[in-house]
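Chemist: Would you mind keeping the following structure in view while I ask a few things?
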Amino acid sequence: MDKQKWEEGVRKVVPYTPGEQPQAADVIKLNTNENPYPPAPGVRAVLDGFDESRMRLYPTPDARVLTEAIAERYRVKAEQVFVGVGSDDVISMAFLTFFNSGKPIFFPDITYSFYDVWAEVYRIPYETKPLRSDLTIDPEDYKAENGGIIFPNPNAPTGILESVEMIEEIVKANLGSVVMIDEAYIDFGGESCLRLVEKYDNLLVIQTFSKSRSMAGMRIGFAIGSEKLIKYMNDVKFSINSYTMNTVTQLCGAEAVKDEEYFRESVSRIISTRERSKHRLKELGFSFTDSKSNFIFARPEKMSAKEIFTELRKRNIYVRYWDKPVICDYLRITVGTDEEMDKLFAALEEIQNGQTC
């Protein structure tokens with residue numbers, strides 16, 4: 001018997017490649033769009049006061065304390081909120097739940113590179129739609145027959161924000177399929193399309209605590225949609241694993257949502273640093289999209305992006321680079337603290353002046 005016969009039945013995919021996670025203490029990490037500031041003070045209070053005896057008990061399957069806090073913050077019913085272990089988990093569950101027609105789903109060719117991985121894992125046919133020359137989405141590309149649509153707004157890695165009116169045009173043209181808008185970066189200067197949820201029961205809006213709420217390490221994502229959409233997602237989730245989010249995370253997430261003042265202050269600091277960084281990058285000879293996210297998608301004019309990426313890495317400064325058509329001339333630079341960005345600018349000036357590390 002062929003000992004390798006079992007491999008014929010293995011589901012083989014090319015996995016998503018996340019940004020590097022260097023462990024050295026002196027690293028300036030600007031490659032994975034994490035928030036440089038701590039989460040709301042209430043999160044620390046939960047951790048300090050948590051009764052460890054609760055760890056012997058299963059968490060509540062519906063994460064009610066968190067879904068109710070999110071519902072109150074966004075003025076929807078708790079039954080319209082789905083939570084998961086990061087927005088990746090939420091999107092994965094949404095793919096599994098809604099993209100089953102056998103028709104291809106649509107998403108941009110330059111976008112979050114996990115979408116095609118999920119499609120491959122779940123055997124969902126898909127078509128990528130090219131961005132226009134200015135890296136914006138052409139809504140006409142999304143008006144053909146399809147099995148569903150997903151794209152980020154602002155887009156990643158470009159940081160470009162599309163209007164709510166354009167999104168509504170796409171949703172309205174696709175009432176026969178589910179349209180998902182991935183708003184991981186919406187809090188950094190964009191208008192959410194959440195107001196369309198009450199108008200269109202085929203719209204699912206997905207957000208995360210990893211960026212604007214500084215909780216990437218706790219893995220909290222959520223979706224808001226019609227009660228029917230959310231029920232379908234919970235039916236699938238509870239059929240796989242009811243206890244996906246632990247008790248501590250639920251409580252910390254709820255406290256983070258309640259502190260609106262801290263949330264706005266943290267986001268405002270990042271926006272301010274981003275706009276200052278745009279000005280400095282322009283002085284250094286970079287061009288870039290008008291980012292409305294917590295990163296800048298920048299194109300160097302004096303050297304190749306790959307060269308700069310390599311030289312920055314030698315200096316323990318990490319940014320993101322993709323060796324792919326169209327975007328291989330760009331670097332995606334997370335907005336860090338003012339101090340971190342100043343060190344980045346100093347390094348860029350050295351590199352472009354030919355100073356070796």
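Within each chain, counting starts at residue 1; across the structure tokens, chains are named A, B, ... in the order shown, with ligands numbered 1 upward in that order.
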Which residues, written as an mmCIF file with N, CA and C atoms, in the first residue's frame, have at least one atom at most 10 Å from A:Pro15, with only C-alpha atoms counted and residues fewer than 5 positions away on the same chain left out?

Modeler:
data_model
loop_
_atom_site.group_PDB
_atom_site.id
_atom_site.type_symbol
_atom_site.label_atom_id
_atom_site.label_comp_id
_atom_site.auth_asym_id
_atom_site.auth_seq_id
_atom_site.Cartn_x
_atom_site.Cartn_y
_atom_site.Cartn_z
ATOM 1 N N SER A 113 -4.838 40.488 1.885
ATOM 2 C CA SER A 113 -4.456 39.244 1.204
ATOM 3 C C SER A 113 -4.926 37.980 1.900
ATOM 4 N N PHE A 114 -5.824 38.111 2.860
ATOM 5 C CA PHE A 114 -6.421 36.935 3.485
ATOM 6 C C PHE A 114 -7.667 36.466 2.718
ATOM 7 N N ASP A 116 -8.388 35.781 -0.461
ATOM 8 C CA ASP A 116 -8.226 34.638 -1.358
ATOM 9 C C ASP A 116 -7.851 33.376 -0.597
ATOM 10 N N VAL A 117 -7.187 33.516 0.559
ATOM 11 C CA VAL A 117 -6.859 32.342 1.377
ATOM 12 C C VAL A 117 -8.134 31.702 1.898
ATOM 13 N N TRP A 118 -9.044 32.500 2.457
ATOM 14 C CA TRP A 118 -10.311 31.939 2.935
ATOM 15 C C TRP A 118 -11.093 31.296 1.784
ATOM 16 N N GLU A 120 -9.924 29.910 -0.857
ATOM 17 C CA GLU A 120 -9.287 28.630 -1.178
ATOM 18 C C GLU A 120 -9.594 27.577 -0.114
ATOM 19 N N VAL A 121 -9.528 27.962 1.140
ATOM 20 C CA VAL A 121 -9.794 27.017 2.226
ATOM 21 C C VAL A 121 -11.207 26.453 2.131
#

Chemist: Give me, as a ChimeraX atom specification, all polymer residues having an atom no more than 8 Å from stretch 83-98 of chain A, counting only C-alpha atoms and skipping those fewer than 6 positions away in the same chain.

Modeler: /A:63,67,118-119,122,148,178,184,206-210,216,218-223,232-233,236-237,244-245

Chemist: Just give me the gap between atom CA of A:Ile105 and atom CA of A:Ile149 in Å, one decimal is fine.

Modeler: 5.5 Å

Chemist: What parts of stretch 217-297 of chain A does DSSP call helix (DSSP H, G or I)? I'd like the answer as a ChimeraX atom specification.

Modeler: /A:227-240,247-258,260-283

Chemist: List the spatial neighbours of A:Ala254 as a list in words - criterion: any atom at most 7 Å away, only C-alpha atoms, same-chain residues fewer than 3 positions off excluded.

Modeler: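 The residues that qualify are Val65, Leu66, Ala69, Gln250, Leu251, Val257 and Lys258 of chain A.
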
Chemist: Using only N, CA and C atoms, please write the residues we just selected to a file, as a PDB file, in the first residue's frame.

Modeler:
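Generated file (again-v1.pdb):
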ATOM      1  N   VAL A  65     -22.100  40.286  27.432  1.00  0.00           N
ATOM      2  CA  VAL A  65     -21.622  41.539  28.000  1.00  0.00           C
ATOM      3  C   VAL A  65     -20.942  42.402  26.937  1.00  0.00           C
ATOM      4  N   LEU A  66     -20.276  41.763  25.991  1.00  0.00           N
ATOM      5  CA  LEU A  66     -19.590  42.494  24.925  1.00  0.00           C
ATOM      6  C   LEU A  66     -20.550  42.906  23.816  1.00  0.00           C
ATOM      7  N   ALA A  69     -22.542  45.863  24.930  1.00  0.00           N
ATOM      8  CA  ALA A  69     -21.765  47.109  24.957  1.00  0.00           C
ATOM      9  C   ALA A  69     -21.568  47.650  23.549  1.00  0.00           C
ATOM     10  N   GLN A 250     -13.977  39.117  26.870  1.00  0.00           N
ATOM     11  CA  GLN A 250     -15.310  39.711  26.797  1.00  0.00           C
ATOM     12  C   GLN A 250     -15.426  40.924  27.716  1.00  0.00           C
ATOM     13  N   LEU A 251     -14.965  40.794  28.948  1.00  0.00           N
ATOM     14  CA  LEU A 251     -15.069  41.878  29.924  1.00  0.00           C
ATOM     15  C   LEU A 251     -14.178  43.061  29.536  1.00  0.00           C
ATOM     16  N   VAL A 257     -15.058  49.568  24.992  1.00  0.00           N
ATOM     17  CA  VAL A 257     -16.120  50.213  24.221  1.00  0.00           C
ATOM     18  C   VAL A 257     -16.755  51.361  25.001  1.00  0.00           C
ATOM     19  N   LYS A 258     -16.839  51.209  26.305  1.00  0.00           N
ATOM     20  CA  LYS A 258     -17.534  52.205  27.132  1.00  0.00           C
ATOM     21  C   LYS A 258     -16.765  53.518  27.265  1.00  0.00           C
TER      22      LYS A 258
END

Chemist: Run DSSP on the backbone and tell me which residues of stretch 26-245 of chain A come out as strand (DSSP E); list them as number ranges by chain.

Modeler: A: 28-29, 81-84, 105-108, 126-129, 149-152, 179-182, 203-208, 221-224

Chemist: If you keep C-alpha atoms, can you produce a file of those selected residues as a compact mmCIF listing (two decimals), in the first residue's frame?

Modeler:
# COMPACT_ATOMS: atom_id res chain seq x y z
CA ILE A 28 10.66 50.03 15.92
CA LYS A 29 7.74 47.99 14.67
CA VAL A 81 -24.01 42.08 16.67
CA PHE A 82 -21.73 39.09 16.08
CA VAL A 83 -18.38 38.86 17.86
CA GLY A 84 -15.37 36.71 17.06
CA ILE A 105 -17.36 36.11 -5.04
CA PHE A 106 -15.78 39.45 -5.92
CA PHE A 107 -13.03 41.43 -4.20
CA PRO A 108 -10.27 43.80 -5.41
CA TYR A 126 -13.67 34.03 -6.68
CA GLU A 127 -12.77 36.79 -9.11
CA THR A 128 -10.51 39.71 -8.32
CA LYS A 129 -11.42 43.09 -9.76
CA ILE A 149 -18.72 40.76 -2.35
CA ILE A 150 -16.12 41.84 0.18
CA PHE A 151 -13.64 44.71 0.32
CA PRO A 152 -12.04 46.87 3.02
CA VAL A 179 -22.00 42.38 0.66
CA MET A 180 -19.34 42.64 3.40
CA ILE A 181 -17.48 45.85 4.14
CA ASP A 182 -14.33 45.32 6.19
CA LEU A 203 -25.07 44.27 4.21
CA LEU A 204 -22.59 43.08 6.82
CA VAL A 205 -20.20 45.65 8.34
CA ILE A 206 -17.11 44.26 10.06
CA GLN A 207 -14.82 46.07 12.49
CA THR A 208 -12.03 45.21 14.93
CA GLY A 221 -13.67 41.52 16.07
CA PHE A 222 -17.34 42.14 15.44
CA ALA A 223 -19.91 42.40 12.69
CA ILE A 224 -23.14 44.39 12.58

Chemist: Near A:Met341, within 9 Å and counting only C-alpha atoms, which residues show up once chain neighbours fewer than 4 positions away are dropped, as a compact mmCIF listing (two decimals) with C-alpha atoms, in the first residue's frame?

Modeler:
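That gives us result.txt:
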# COMPACT_ATOMS: atom_id res chain seq x y z
CA ILE A 28 10.66 50.03 15.92
CA LEU A 30 5.80 49.78 11.93
CA THR A 273 0.94 61.99 13.71
CA SER A 277 4.27 62.16 8.77
CA VAL A 335 1.83 55.28 12.14
CA GLY A 336 3.69 54.92 15.42
CA THR A 337 4.40 57.44 18.14
CA PHE A 345 12.54 59.78 9.12
CA ALA A 346 16.13 60.10 10.34

Chemist: Counting only C-alpha atoms, what are the residues of stretch 220-280 of chain A within 10 Å of stretch 296-309 of chain A, and for each of them which pair of atoms is the nearest and at what distance in Å, to one decimal? Sort the table by chain and rising number, as a tab-separated table.

Modeler:
residue	atom	partner	partner_atom	distance
A:Arg274	CA	A:Ile296	CA	7.5
A:Glu275	CA	A:Ile296	CA	9.6
A:Ser277	CA	A:Ile296	CA	8.5
A:Lys278	CA	A:Ile296	CA	7.7

Chemist: Take the selection from the previous step and output its residues with N, CA and C atoms, as a PDB file, in the first residue's frame.

Modeler:
ATOM      1  N   ARG A 274      -0.103  60.988  11.782  1.00  0.00           N
ATOM      2  CA  ARG A 274      -0.176  60.575  10.368  1.00  0.00           C
ATOM      3  C   ARG A 274      -0.054  61.783   9.447  1.00  0.00           C
ATOM      4  N   GLU A 275      -0.772  62.828   9.737  1.00  0.00           N
ATOM      5  CA  GLU A 275      -0.740  64.001   8.858  1.00  0.00           C
ATOM      6  C   GLU A 275       0.631  64.678   8.905  1.00  0.00           C
ATOM      7  N   SER A 277       3.373  63.088   9.456  1.00  0.00           N
ATOM      8  CA  SER A 277       4.267  62.159   8.768  1.00  0.00           C
ATOM      9  C   SER A 277       4.145  62.298   7.253  1.00  0.00           C
ATOM     10  N   LYS A 278       2.959  62.563   6.776  1.00  0.00           N
ATOM     11  CA  LYS A 278       2.786  62.789   5.336  1.00  0.00           C
ATOM     12  C   LYS A 278       3.635  63.965   4.871  1.00  0.00           C
TER      13      LYS A 278
END

Chemist: Do a neighbour search on A:Asp187 at 10 Å with only C-alpha atoms, toss out local chain neighbours closer than 2 positions, and write the hits as a PyMOL selection string.

Modeler: chain A and resi 154+183-185+189-192+207+211-213+263-264+267-268+271+292-294
